[in-house]
Structure formats: structure tokens, C-alpha cells
>>> print(open('entry.pdb').read())   # PDB, C-alpha atoms
ATOM      1  CA  MET G  25       0.000   0.000   0.000  1.00  0.00           C
ATOM      2  CA  THR G  26       1.189   3.465  -0.843  1.00  0.00           C
ATOM      3  CA  PRO G  27       0.083   6.819   0.585  1.00  0.00           C
ATOM      4  CA  PRO G  28      -2.136   8.668   0.904  1.00  0.00           C
ATOM      5  CA  TYR G  29      -3.629   6.234   3.411  1.00  0.00           C
ATOM      6  CA  ARG G  30      -7.380   6.375   4.035  1.00  0.00           C
ATOM      7  CA  LEU G  31      -7.771   7.465   7.659  1.00  0.00           C
ATOM      8  CA  VAL G  32     -10.751   7.392  10.021  1.00  0.00           C
ATOM      9  CA  ILE G  33     -10.719   9.500  13.195  1.00  0.00           C
ATOM     10  CA  ILE G  34     -13.141   8.619  16.001  1.00  0.00           C
ATOM     11  CA  GLU G  35     -12.998  11.064  18.916  1.00  0.00           C
ATOM     12  CA  ASP G  36     -15.884  12.329  21.053  1.00  0.00           C
ATOM     13  CA  ASP G  37     -14.199  15.494  22.363  1.00  0.00           C
ATOM     14  CA  PRO G  38     -14.967  18.151  19.710  1.00  0.00           C
ATOM     15  CA  THR G  39     -11.861  20.211  20.460  1.00  0.00           C
ATOM     16  CA  VAL G  40      -9.538  17.199  20.211  1.00  0.00           C
ATOM     17  CA  ARG G  41     -11.403  15.905  17.154  1.00  0.00           C
ATOM     18  CA  GLU G  42     -11.013  19.214  15.345  1.00  0.00           C
ATOM     19  CA  LEU G  43      -7.334  19.380  16.308  1.00  0.00           C
ATOM     20  CA  LEU G  44      -6.665  15.879  14.969  1.00  0.00           C
ATOM     21  CA  HIS G  45      -8.637  16.484  11.791  1.00  0.00           C
ATOM     22  CA  GLY G  46      -7.043  19.860  11.203  1.00  0.00           C
ATOM     23  CA  TYR G  47      -3.506  18.514  11.519  1.00  0.00           C
ATOM     24  CA  LEU G  48      -3.752  15.014  10.077  1.00  0.00           C
ATOM     25  CA  GLY G  49      -6.064  16.131   7.284  1.00  0.00           C
ATOM     26  CA  ARG G  50      -3.345  18.455   5.967  1.00  0.00           C
ATOM     27  CA  GLN G  51      -0.717  15.726   5.742  1.00  0.00           C
ATOM     28  CA  PRO G  52      -0.057  14.537   2.179  1.00  0.00           C
ATOM     29  CA  GLU G  53       0.400  10.932   3.352  1.00  0.00           C
ATOM     30  CA  LEU G  54      -3.100  10.796   4.882  1.00  0.00           C
ATOM     31  CA  GLU G  55      -6.636  11.216   3.580  1.00  0.00           C
ATOM     32  CA  CYS G  56      -9.388  11.627   6.179  1.00  0.00           C
ATOM     33  CA  VAL G  57     -12.376   9.661   4.872  1.00  0.00           C
ATOM     34  CA  LEU G  58     -14.420   9.820   8.079  1.00  0.00           C
ATOM     35  CA  VAL G  59     -14.284  11.996  11.191  1.00  0.00           C
ATOM     36  CA  ALA G  60     -16.918  11.061  13.768  1.00  0.00           C
ATOM     37  CA  ASP G  61     -17.704  11.250  17.472  1.00  0.00           C
ATOM     38  CA  SER G  62     -18.869   7.709  18.259  1.00  0.00           C
ATOM     39  CA  ALA G  63     -18.249   4.034  17.691  1.00  0.00           C
ATOM     40  CA  GLU G  64     -21.818   3.688  16.435  1.00  0.00           C
ATOM     41  CA  ALA G  65     -21.170   6.240  13.669  1.00  0.00           C
ATOM     42  CA  LEU G  66     -18.152   4.253  12.505  1.00  0.00           C
ATOM     43  CA  LEU G  67     -20.016   0.928  12.521  1.00  0.00           C
ATOM     44  CA  ALA G  68     -22.910   2.466  10.574  1.00  0.00           C
ATOM     45  CA  TRP G  69     -20.570   3.957   7.949  1.00  0.00           C
ATOM     46  CA  LEU G  70     -18.308   0.975   7.324  1.00  0.00           C
ATOM     47  CA  PRO G  71     -20.689  -1.431   5.505  1.00  0.00           C
ATOM     48  CA  ASP G  72     -21.462   1.168   2.821  1.00  0.00           C
ATOM     49  CA  ALA G  73     -17.968   2.650   2.500  1.00  0.00           C
ATOM     50  CA  VAL G  74     -16.905   2.693  -1.149  1.00  0.00           C
ATOM     51  CA  GLN G  75     -13.322   2.079  -0.091  1.00  0.00           C
ATOM     52  CA  PRO G  76     -12.623   0.698   3.396  1.00  0.00           C
ATOM     53  CA  PRO G  77     -10.238   2.638   5.627  1.00  0.00           C
ATOM     54  CA  GLN G  78      -6.629   1.591   5.920  1.00  0.00           C
ATOM     55  CA  LEU G  79      -6.092   3.336   9.250  1.00  0.00           C
ATOM     56  CA  ILE G  80      -8.468   3.905  12.158  1.00  0.00           C
ATOM     57  CA  LEU G  81      -7.487   6.234  14.991  1.00  0.00           C
ATOM     58  CA  LEU G  82      -9.914   5.178  17.703  1.00  0.00           C
ATOM     59  CA  ASP G  83     -10.566   6.686  21.121  1.00  0.00           C
ATOM     60  CA  ILE G  84     -11.079   4.023  23.792  1.00  0.00           C
ATOM     61  CA  HIS G  85     -13.442   6.025  26.018  1.00  0.00           C
ATOM     62  CA  LEU G  86     -16.463   6.964  23.920  1.00  0.00           C
ATOM     63  CA  PRO G  87     -20.115   7.622  24.746  1.00  0.00           C
ATOM     64  CA  GLY G  88     -22.199   4.548  24.053  1.00  0.00           C
ATOM     65  CA  ARG G  89     -20.002   1.664  22.929  1.00  0.00           C
ATOM     66  CA  SER G  90     -16.330   2.088  23.731  1.00  0.00           C
ATOM     67  CA  GLY G  91     -13.508   1.734  21.268  1.00  0.00           C
ATOM     68  CA  LEU G  92     -12.469  -1.405  23.095  1.00  0.00           C
ATOM     69  CA  ASP G  93     -15.948  -2.921  22.731  1.00  0.00           C
ATOM     70  CA  ILE G  94     -16.075  -2.594  18.949  1.00  0.00           C
ATOM     71  CA  LEU G  95     -12.591  -3.888  18.137  1.00  0.00           C
ATOM     72  CA  PRO G  96     -13.777  -7.441  17.348  1.00  0.00           C
ATOM     73  CA  ARG G  97     -16.499  -6.033  15.048  1.00  0.00           C
ATOM     74  CA  LEU G  98     -13.967  -3.791  13.311  1.00  0.00           C
ATOM     75  CA  ARG G  99     -11.819  -6.827  12.594  1.00  0.00           C
ATOM     76  CA  GLN G 100     -14.834  -8.269  10.738  1.00  0.00           C
ATOM     77  CA  LEU G 101     -15.939  -5.135   8.869  1.00  0.00           C
ATOM     78  CA  ALA G 102     -12.464  -3.821   8.035  1.00  0.00           C
ATOM     79  CA  PRO G 103     -10.090  -6.783   8.436  1.00  0.00           C
ATOM     80  CA  ASP G 104      -7.207  -5.073   6.650  1.00  0.00           C
ATOM     81  CA  ALA G 105      -7.396  -1.790   8.562  1.00  0.00           C
ATOM     82  CA  GLU G 106      -4.769  -0.946  11.152  1.00  0.00           C
ATOM     83  CA  VAL G 107      -6.435   0.248  14.365  1.00  0.00           C
ATOM     84  CA  VAL G 108      -4.478   2.571  16.655  1.00  0.00           C
ATOM     85  CA  MET G 109      -6.088   3.208  20.026  1.00  0.00           C
ATOM     86  CA  GLN G 110      -5.888   6.526  21.874  1.00  0.00           C
ATOM     87  CA  THR G 111      -6.527   7.199  25.540  1.00  0.00           C
ATOM     88  CA  VAL G 112      -5.667   9.602  28.327  1.00  0.00           C
ATOM     89  CA  PHE G 113      -5.030   6.761  30.787  1.00  0.00           C
ATOM     90  CA  GLU G 114      -2.039   4.433  31.192  1.00  0.00           C
ATOM     91  CA  ASP G 115      -4.406   1.592  32.095  1.00  0.00           C
ATOM     92  CA  SER G 116      -2.546  -1.700  31.766  1.00  0.00           C
ATOM     93  CA  ALA G 117      -5.757  -3.751  31.652  1.00  0.00           C
ATOM     94  CA  SER G 118      -7.076  -1.723  28.709  1.00  0.00           C
ATOM     95  CA  ILE G 119      -3.698  -1.829  26.966  1.00  0.00           C
ATOM     96  CA  PHE G 120      -3.467  -5.612  26.996  1.00  0.00           C
ATOM     97  CA  GLU G 121      -7.135  -6.105  26.173  1.00  0.00           C
ATOM     98  CA  ALA G 122      -6.858  -3.761  23.176  1.00  0.00           C
ATOM     99  CA  LEU G 123      -3.804  -5.601  21.880  1.00  0.00           C
ATOM    100  CA  ARG G 124      -5.491  -8.948  22.475  1.00  0.00           C
ATOM    101  CA  ARG G 125      -8.521  -7.833  20.471  1.00  0.00           C
ATOM    102  CA  GLY G 126      -6.436  -6.822  17.486  1.00  0.00           C
ATOM    103  CA  ALA G 127      -5.266  -3.230  17.968  1.00  0.00           C
ATOM    104  CA  SER G 128      -2.087  -2.393  16.060  1.00  0.00           C
ATOM    105  CA  GLY G 129      -0.885   0.322  18.412  1.00  0.00           C
ATOM    106  CA  TYR G 130      -1.737   2.185  21.591  1.00  0.00           C
ATOM    107  CA  LEU G 131      -0.968   5.863  22.109  1.00  0.00           C
ATOM    108  CA  LEU G 132      -1.640   8.403  24.834  1.00  0.00           C
ATOM    109  CA  LYS G 133      -3.536  11.529  23.833  1.00  0.00           C
ATOM    110  CA  SER G 134      -0.623  13.565  25.122  1.00  0.00           C
ATOM    111  CA  THR G 135       1.396  12.338  22.119  1.00  0.00           C
ATOM    112  CA  PRO G 136       2.525  15.410  20.118  1.00  0.00           C
ATOM    113  CA  LEU G 137       0.853  15.675  16.716  1.00  0.00           C
ATOM    114  CA  PRO G 138       4.064  15.170  14.684  1.00  0.00           C
ATOM    115  CA  ALA G 139       4.813  12.035  16.737  1.00  0.00           C
ATOM    116  CA  LEU G 140       1.231  10.858  16.224  1.00  0.00           C
ATOM    117  CA  LYS G 141       1.596  11.222  12.466  1.00  0.00           C
ATOM    118  CA  ALA G 142       4.903   9.333  12.576  1.00  0.00           C
ATOM    119  CA  ALA G 143       3.237   6.543  14.579  1.00  0.00           C
ATOM    120  CA  LEU G 144       0.400   6.227  12.064  1.00  0.00           C
ATOM    121  CA  LEU G 145       2.832   6.003   9.170  1.00  0.00           C
ATOM    122  CA  ASP G 146       4.929   3.524  11.138  1.00  0.00           C
ATOM    123  CA  VAL G 147       1.995   1.178  11.631  1.00  0.00           C
ATOM    124  CA  MET G 148       1.385   1.197   7.875  1.00  0.00           C
ATOM    125  CA  GLN G 149       4.952  -0.036   7.445  1.00  0.00           C
ATOM    126  CA  GLY G 150       4.404  -2.953   9.806  1.00  0.00           C
ATOM    127  CA  GLY G 151       5.253  -1.235  13.088  1.00  0.00           C
ATOM    128  CA  ALA G 152       3.349  -1.408  16.363  1.00  0.00           C
ATOM    129  CA  PRO G 153       3.601   2.096  17.820  1.00  0.00           C
ATOM    130  CA  MET G 154       3.181   2.712  21.524  1.00  0.00           C
ATOM    131  CA  SER G 155       3.714   5.751  23.695  1.00  0.00           C
ATOM    132  CA  ARG G 156       6.763   5.358  25.940  1.00  0.00           C
ATOM    133  CA  ALA G 157       4.677   5.072  29.088  1.00  0.00           C
ATOM    134  CA  VAL G 158       2.566   2.369  27.445  1.00  0.00           C
ATOM    135  CA  ALA G 159       5.619   0.476  26.198  1.00  0.00           C
ATOM    136  CA  ARG G 160       7.082   0.465  29.707  1.00  0.00           C
ATOM    137  CA  GLN G 161       3.926  -1.142  31.059  1.00  0.00           C
ATOM    138  CA  VAL G 162       3.954  -3.784  28.326  1.00  0.00           C
ATOM    139  CA  LEU G 163       7.602  -4.619  28.964  1.00  0.00           C
ATOM    140  CA  ALA G 164       7.029  -4.790  32.714  1.00  0.00           C
ATOM    141  CA  HIS G 165       4.103  -7.135  32.176  1.00  0.00           C
ATOM    142  CA  PHE G 166       6.096  -9.591  30.080  1.00  0.00           C
ATOM    143  CA  ARG G 167       9.355  -9.361  32.010  1.00  0.00           C
ATOM    144  CA  PRO G 168       9.899 -12.694  33.797  1.00  0.00           C
ATOM    145  CA  ARG G 169       9.282 -12.424  37.507  1.00  0.00           C
ATOM    146  CA  PRO G 170      11.902 -13.915  39.857  1.00  0.00           C
ATOM    147  CA  LEU G 171      10.852 -17.298  41.140  1.00  0.00           C
ATOM    148  CA  THR G 172      10.762 -18.175  44.816  1.00  0.00           C
ATOM    149  CA  PRO G 173      11.150 -21.948  44.683  1.00  0.00           C
ATOM    150  CA  SER G 174      11.278 -22.414  48.448  1.00  0.00           C
ATOM    151  CA  ALA G 175       7.621 -21.376  48.601  1.00  0.00           C
ATOM    152  CA  VAL G 176       6.412 -24.288  46.448  1.00  0.00           C
ATOM    153  CA  LEU G 177       9.136 -26.962  46.503  1.00  0.00           C
ATOM    154  CA  THR G 178       9.852 -29.653  49.034  1.00  0.00           C
ATOM    155  CA  GLU G 179      13.065 -29.487  51.047  1.00  0.00           C
ATOM    156  CA  ARG G 180      14.688 -32.148  48.813  1.00  0.00           C
ATOM    157  CA  GLU G 181      13.599 -30.362  45.616  1.00  0.00           C
ATOM    158  CA  HIS G 182      14.989 -27.120  46.982  1.00  0.00           C
ATOM    159  CA  GLU G 183      18.350 -28.872  47.613  1.00  0.00           C
ATOM    160  CA  ILE G 184      18.381 -30.117  44.037  1.00  0.00           C
ATOM    161  CA  VAL G 185      17.667 -26.628  42.701  1.00  0.00           C
ATOM    162  CA  GLN G 186      20.586 -25.249  44.722  1.00  0.00           C
ATOM    163  CA  ASN G 187      22.879 -27.907  43.246  1.00  0.00           C
ATOM    164  CA  LEU G 188      21.672 -27.189  39.712  1.00  0.00           C
ATOM    165  CA  VAL G 189      22.298 -23.480  40.231  1.00  0.00           C
ATOM    166  CA  ALA G 190      25.820 -24.402  41.397  1.00  0.00           C
ATOM    167  CA  GLY G 191      26.351 -26.051  38.005  1.00  0.00           C
ATOM    168  CA  LEU G 192      26.264 -29.730  39.021  1.00  0.00           C
ATOM    169  CA  SER G 193      25.070 -32.381  36.569  1.00  0.00           C
ATOM    170  CA  GLU G 194      22.285 -34.767  37.531  1.00  0.00           C
ATOM    171  CA  LYS G 195      24.922 -37.465  38.205  1.00  0.00           C
ATOM    172  CA  HIS G 196      26.913 -35.198  40.516  1.00  0.00           C
ATOM    173  CA  VAL G 197      23.729 -33.997  42.255  1.00  0.00           C
ATOM    174  CA  ALA G 198      22.929 -37.651  42.950  1.00  0.00           C
ATOM    175  CA  LEU G 199      26.403 -38.288  44.353  1.00  0.00           C
ATOM    176  CA  HIS G 200      26.288 -35.145  46.453  1.00  0.00           C
ATOM    177  CA  LEU G 201      22.905 -35.947  47.975  1.00  0.00           C
ATOM    178  CA  GLY G 202      23.411 -39.728  48.221  1.00  0.00           C
ATOM    179  CA  ILE G 203      20.455 -40.631  46.013  1.00  0.00           C
ATOM    180  CA  SER G 204      20.090 -42.304  42.618  1.00  0.00           C
ATOM    181  CA  VAL G 205      20.275 -40.454  39.302  1.00  0.00           C
ATOM    182  CA  GLN G 206      16.745 -41.674  38.529  1.00  0.00           C
ATOM    183  CA  THR G 207      15.483 -40.104  41.756  1.00  0.00           C
ATOM    184  CA  VAL G 208      17.186 -36.828  40.864  1.00  0.00           C
ATOM    185  CA  HIS G 209      15.605 -36.947  37.421  1.00  0.00           C
ATOM    186  CA  SER G 210      12.135 -37.518  38.939  1.00  0.00           C
ATOM    187  CA  HIS G 211      12.620 -34.599  41.313  1.00  0.00           C
ATOM    188  CA  ILE G 212      13.709 -32.345  38.442  1.00  0.00           C
ATOM    189  CA  LYS G 213      10.557 -33.200  36.461  1.00  0.00           C
ATOM    190  CA  SER G 214       8.509 -32.264  39.524  1.00  0.00           C
ATOM    191  CA  ILE G 215      10.454 -29.002  39.902  1.00  0.00           C
ATOM    192  CA  TYR G 216       9.844 -28.054  36.262  1.00  0.00           C
ATOM    193  CA  ARG G 217       6.141 -28.754  36.634  1.00  0.00           C
ATOM    194  CA  LYS G 218       5.756 -26.741  39.832  1.00  0.00           C
ATOM    195  CA  LEU G 219       7.752 -23.760  38.543  1.00  0.00           C
ATOM    196  CA  HIS G 220       6.219 -23.833  35.045  1.00  0.00           C
ATOM    197  CA  VAL G 221       9.517 -24.159  33.186  1.00  0.00           C
ATOM    198  CA  SER G 222      10.574 -26.704  30.578  1.00  0.00           C
ATOM    199  CA  SER G 223      14.368 -26.777  30.697  1.00  0.00           C
ATOM    200  CA  ARG G 224      17.349 -26.235  32.979  1.00  0.00           C
ATOM    201  CA  GLY G 225      18.260 -23.086  31.054  1.00  0.00           C
ATOM    202  CA  GLU G 226      14.813 -21.603  31.604  1.00  0.00           C
ATOM    203  CA  LEU G 227      14.929 -22.553  35.267  1.00  0.00           C
ATOM    204  CA  LEU G 228      18.314 -20.901  35.809  1.00  0.00           C
ATOM    205  CA  SER G 229      17.366 -17.752  33.875  1.00  0.00           C
ATOM    206  CA  ARG G 230      14.248 -17.339  35.998  1.00  0.00           C
ATOM    207  CA  LEU G 231      16.176 -17.797  39.249  1.00  0.00           C
ATOM    208  CA  ARG G 232      18.853 -15.226  38.507  1.00  0.00           C
TER
END
>>> encode(input="entry.pdb", output="C-alpha cells")
Amino acid sequence: MTPPYRLVIIEDDPTVRELLHGYLGRQPELECVLVADSAEALLAWLPDAVQPPQLILLDIHLPGRSGLDILPRLRQLAPDAEVVMQTVFEDSASIFEALRRGASGYLLKSTPLPALKAALLDVMQGGAPMSRAVARQVLAHFRPRPLTPSAVLTEREHEIVQNLVAGLSEKHVALHLGISVQTVHSHIKSIYRKLHVSSRGELLSRLR
């Protein structure tokens, strides 16, 4: 796809809506094909649109149905459109739910207009733009949390974990603890299951 990209702006605040339309509508890479104040207006317009939008800038908090509510329907009516959500809140629950429902990006309304334009063009090139504050929340959510094995493991399993962290092989763990290699192996399988890991490398990386 080449510009100008067909853009829809859905924003209930008239001042913000006019600001977005006034700036983005003047950009040669963008063509505003719909500017509306509600999710219902967008859903009513889409089935009869001569050419479907390529970009939808969608406010999350709208009167009536929210931007979050209509995302699944948008994926049906305009499956090829990139949907970038806008909000004033750094709400992690809304962020992850929007991404789960198919949003291509998530920006705060405090994003400067030139940066907003850059984000919209970026998403058309395969990017997934997010405001810095939003990106920090996403990274924090997916960052592995340190495990506390002593809270869920038996005393023997905890001993085995300590030996694995020290770099001992299963054979040397068995010798060190005076048990069979098969017993060590059974304990390790139990440890993996309890700590939701699938390999020694994953176990050690989570314990660091």
C-alpha cells in the first residue's frame, strides 16, 4: 500500500477531534475519509464505504459503545485496517485487552501531533507504535518475575535446585545428595512442573 492512506478518526471530544482532523487532514500521506464522534457512527458507515479505511485512529473512552468494545467487530468489517487506540489513561488492563482484540498500536492523547503522524505512518509499514509510558507497562508485564522456589518446593527439591544453580550435573547432584540419578531426574521433572519451566536453562534464567 502506498500513501495517501485512508484514515478514520473517532474522537468524542470536539476540540480534540477538530485538532486531529485539522492537523492530520493536511498531511499529504493521509486522507481523512471519516471523522466522527462515536463508535456507532463508525459501525454504521463501514458497511457502505466505497473504499474501506486503511487506518483507524480510535478513542477508547467513547459515549455509548467504547472503542475497546467494537474492536472485534472492526476486525470483521475492516479486516485489513490498522487500528491505533488513543486514551488519556495508562491503564494496563485496557492496553493488553486492546492488543489482544487486534489493535495495532496504543498511544496516549498527550502524544505530540508530529509524533502521532509518525506513529500512524509507522503502523502502515508494519510497526506497532506505543507511547513510551505504554511500552514500559507492556515490557514490565512480560518481564519474567523472579521465582521463589522455596515457597512451592519440598526441602529435597529445593536442595536439588541449589545444586543445579551451582552447576552440578544430575549425576553429581545424585552423588552429592546420596540418592540415585533416577530419583534426581524424577525430582527435576517435579520441579519443572511446579515452577512452570521446561528446561534447565529456563529454570536458571528465571532464578537469577
>>> resolve_selection(input="entry.pdb", expression="the PyMOL selection byres ((chain G and resi 33-37) around 8)", output="PyMOL selection string")
chain G and resi 31-32+38-41+44-45+56+58-63+66+80-83+86-87
>>> axis_aligned_box(input="entry.pdb", around="stretch 211-227 of chain G", padding_each_side="3 Å", output="JSON")
{"center_x": 12.0, "center_y": -28.1, "center_z": 35.9, "size_x": 18.5, "size_y": 19.0, "size_z": 16.7}
>>> atom_distance(input="entry.pdb", atom1="atom CA of G:Val208", atom2="atom CA of G:Glu194")
6.4 Å
>>> resolve_selection(input="entry.pdb", expression="the PyMOL selection byres ((chain G and resi 144) around 12)", output="VMD selection string")
chain G and resid 27 to 33 48 51 53 to 54 78 to 82 105 to 110 128 to 131 135 137 to 143 145 to 154
>>> write_last_selection(input="entry.pdb", atoms="C-alpha atoms", output="short mmCIF file (atom, residue, chain, number, x, y, z; two decimals), keeping the file's coordinate frame")
data_model
loop_
_atom_site.label_atom_id
_atom_site.label_comp_id
_atom_site.auth_asym_id
_atom_site.auth_seq_id
_atom_site.Cartn_x
_atom_site.Cartn_y
_atom_site.Cartn_z
CA PRO G 27 0.08 6.82 0.58
CA PRO G 28 -2.14 8.67 0.90
CA TYR G 29 -3.63 6.23 3.41
CA ARG G 30 -7.38 6.38 4.04
CA LEU G 31 -7.77 7.46 7.66
CA VAL G 32 -10.75 7.39 10.02
CA ILE G 33 -10.72 9.50 13.20
CA LEU G 48 -3.75 15.01 10.08
CA GLN G 51 -0.72 15.73 5.74
CA GLU G 53 0.40 10.93 3.35
CA LEU G 54 -3.10 10.80 4.88
CA GLN G 78 -6.63 1.59 5.92
CA LEU G 79 -6.09 3.34 9.25
CA ILE G 80 -8.47 3.90 12.16
CA LEU G 81 -7.49 6.23 14.99
CA LEU G 82 -9.91 5.18 17.70
CA ALA G 105 -7.40 -1.79 8.56
CA GLU G 106 -4.77 -0.95 11.15
CA VAL G 107 -6.44 0.25 14.36
CA VAL G 108 -4.48 2.57 16.66
CA MET G 109 -6.09 3.21 20.03
CA GLN G 110 -5.89 6.53 21.87
CA SER G 128 -2.09 -2.39 16.06
CA GLY G 129 -0.88 0.32 18.41
CA TYR G 130 -1.74 2.18 21.59
CA LEU G 131 -0.97 5.86 22.11
CA THR G 135 1.40 12.34 22.12
CA LEU G 137 0.85 15.68 16.72
CA PRO G 138 4.06 15.17 14.68
CA ALA G 139 4.81 12.04 16.74
CA LEU G 140 1.23 10.86 16.22
CA LYS G 141 1.60 11.22 12.47
CA ALA G 142 4.90 9.33 12.58
CA ALA G 143 3.24 6.54 14.58
CA LEU G 145 2.83 6.00 9.17
CA ASP G 146 4.93 3.52 11.14
CA VAL G 147 2.00 1.18 11.63
CA MET G 148 1.38 1.20 7.88
CA GLN G 149 4.95 -0.04 7.44
CA GLY G 150 4.40 -2.95 9.81
CA GLY G 151 5.25 -1.24 13.09
CA ALA G 152 3.35 -1.41 16.36
CA PRO G 153 3.60 2.10 17.82
CA MET G 154 3.18 2.71 21.52
#
>>> atom_distance(input="entry.pdb", atom1="atom CA of G:Leu132", atom2="atom CA of G:Ser90")
16.0 Å
>>> atom_distance(input="entry.pdb", atom1="atom CA of G:Ser134", atom2="atom CA of G:Val112")
7.2 Å
>>> closest_residue(input="entry.pdb", among="G:Arg224, G:Arg97, G:Lys213, G:Lys218", to="G:Leu188", atoms="all atoms listed in the file")
G:Arg224
>>> closest_residue(input="entry.pdb", among="G:Leu177, G:Gly191, G:Glu55, G:Ser204", to="G:Leu219", atoms="only C-alpha atoms")
G:Leu177
>>> residues_near_point(input="entry.pdb", point="(-8.0, -8.7, 11.1)", cutoff="12 Å", atoms="all atoms listed in the file", output="PyMOL selection string")
chain G and resi 78+95-107+123-128
>>> closest_residue(input="entry.pdb", among="G:Ala190, G:Ala117, G:Val57, G:Ala198", to="G:Leu70", atoms="all atoms listed in the file")
G:Val57
>>> decode(input="entry.pdb", residues="stretch 139-147 of chain G", atoms="all heavy atoms", output="compact mmCIF listing (two decimals), in the first residue's frame")
# COMPACT_ATOMS: atom_id res chain seq x y z
N ALA G 139 4.51 13.41 16.33
CA ALA G 139 4.81 12.03 16.74
C ALA G 139 3.63 11.11 16.43
O ALA G 139 3.82 9.94 16.09
CB ALA G 139 5.16 11.99 18.22
N LEU G 140 2.42 11.64 16.56
CA LEU G 140 1.23 10.86 16.22
C LEU G 140 1.22 10.51 14.74
O LEU G 140 0.97 9.36 14.36
CB LEU G 140 -0.02 11.65 16.59
CG LEU G 140 -1.36 11.03 16.17
CD1 LEU G 140 -1.55 9.66 16.79
CD2 LEU G 140 -2.51 11.96 16.53
N LYS G 141 1.52 11.49 13.91
CA LYS G 141 1.60 11.22 12.47
C LYS G 141 2.65 10.16 12.18
O LYS G 141 2.42 9.22 11.41
CB LYS G 141 1.93 12.51 11.71
CG LYS G 141 2.22 12.26 10.23
CD LYS G 141 2.80 13.48 9.54
CE LYS G 141 3.26 13.13 8.14
NZ LYS G 141 3.87 14.31 7.44
N ALA G 142 3.83 10.30 12.79
CA ALA G 142 4.90 9.33 12.58
C ALA G 142 4.46 7.94 13.00
O ALA G 142 4.78 6.94 12.33
CB ALA G 142 6.15 9.76 13.34
N ALA G 143 3.71 7.85 14.10
CA ALA G 143 3.24 6.54 14.58
C ALA G 143 2.25 5.93 13.60
O ALA G 143 2.29 4.72 13.33
CB ALA G 143 2.59 6.70 15.95
N LEU G 144 1.36 6.74 13.04
CA LEU G 144 0.40 6.23 12.06
C LEU G 144 1.10 5.73 10.80
O LEU G 144 0.74 4.68 10.25
CB LEU G 144 -0.62 7.32 11.71
CG LEU G 144 -1.56 7.74 12.84
CD1 LEU G 144 -2.44 8.90 12.39
CD2 LEU G 144 -2.41 6.58 13.31
N LEU G 145 2.08 6.45 10.35
CA LEU G 145 2.83 6.00 9.17
C LEU G 145 3.65 4.76 9.49
O LEU G 145 3.81 3.86 8.65
CB LEU G 145 3.75 7.13 8.66
CG LEU G 145 3.02 8.39 8.17
CD1 LEU G 145 4.03 9.41 7.66
CD2 LEU G 145 2.00 8.05 7.08
N ASP G 146 4.15 4.69 10.71
CA ASP G 146 4.93 3.52 11.14
C ASP G 146 4.08 2.27 11.12
O ASP G 146 4.53 1.20 10.68
CB ASP G 146 5.50 3.77 12.54
CG ASP G 146 6.30 2.57 13.04
OD1 ASP G 146 7.15 2.06 12.31
OD2 ASP G 146 6.08 2.15 14.19
N VAL G 147 2.84 2.37 11.59
CA VAL G 147 1.99 1.18 11.63
C VAL G 147 1.68 0.70 10.22
O VAL G 147 1.52 -0.50 9.98
CB VAL G 147 0.70 1.45 12.43
CG1 VAL G 147 -0.34 2.18 11.61
CG2 VAL G 147 0.11 0.15 12.96
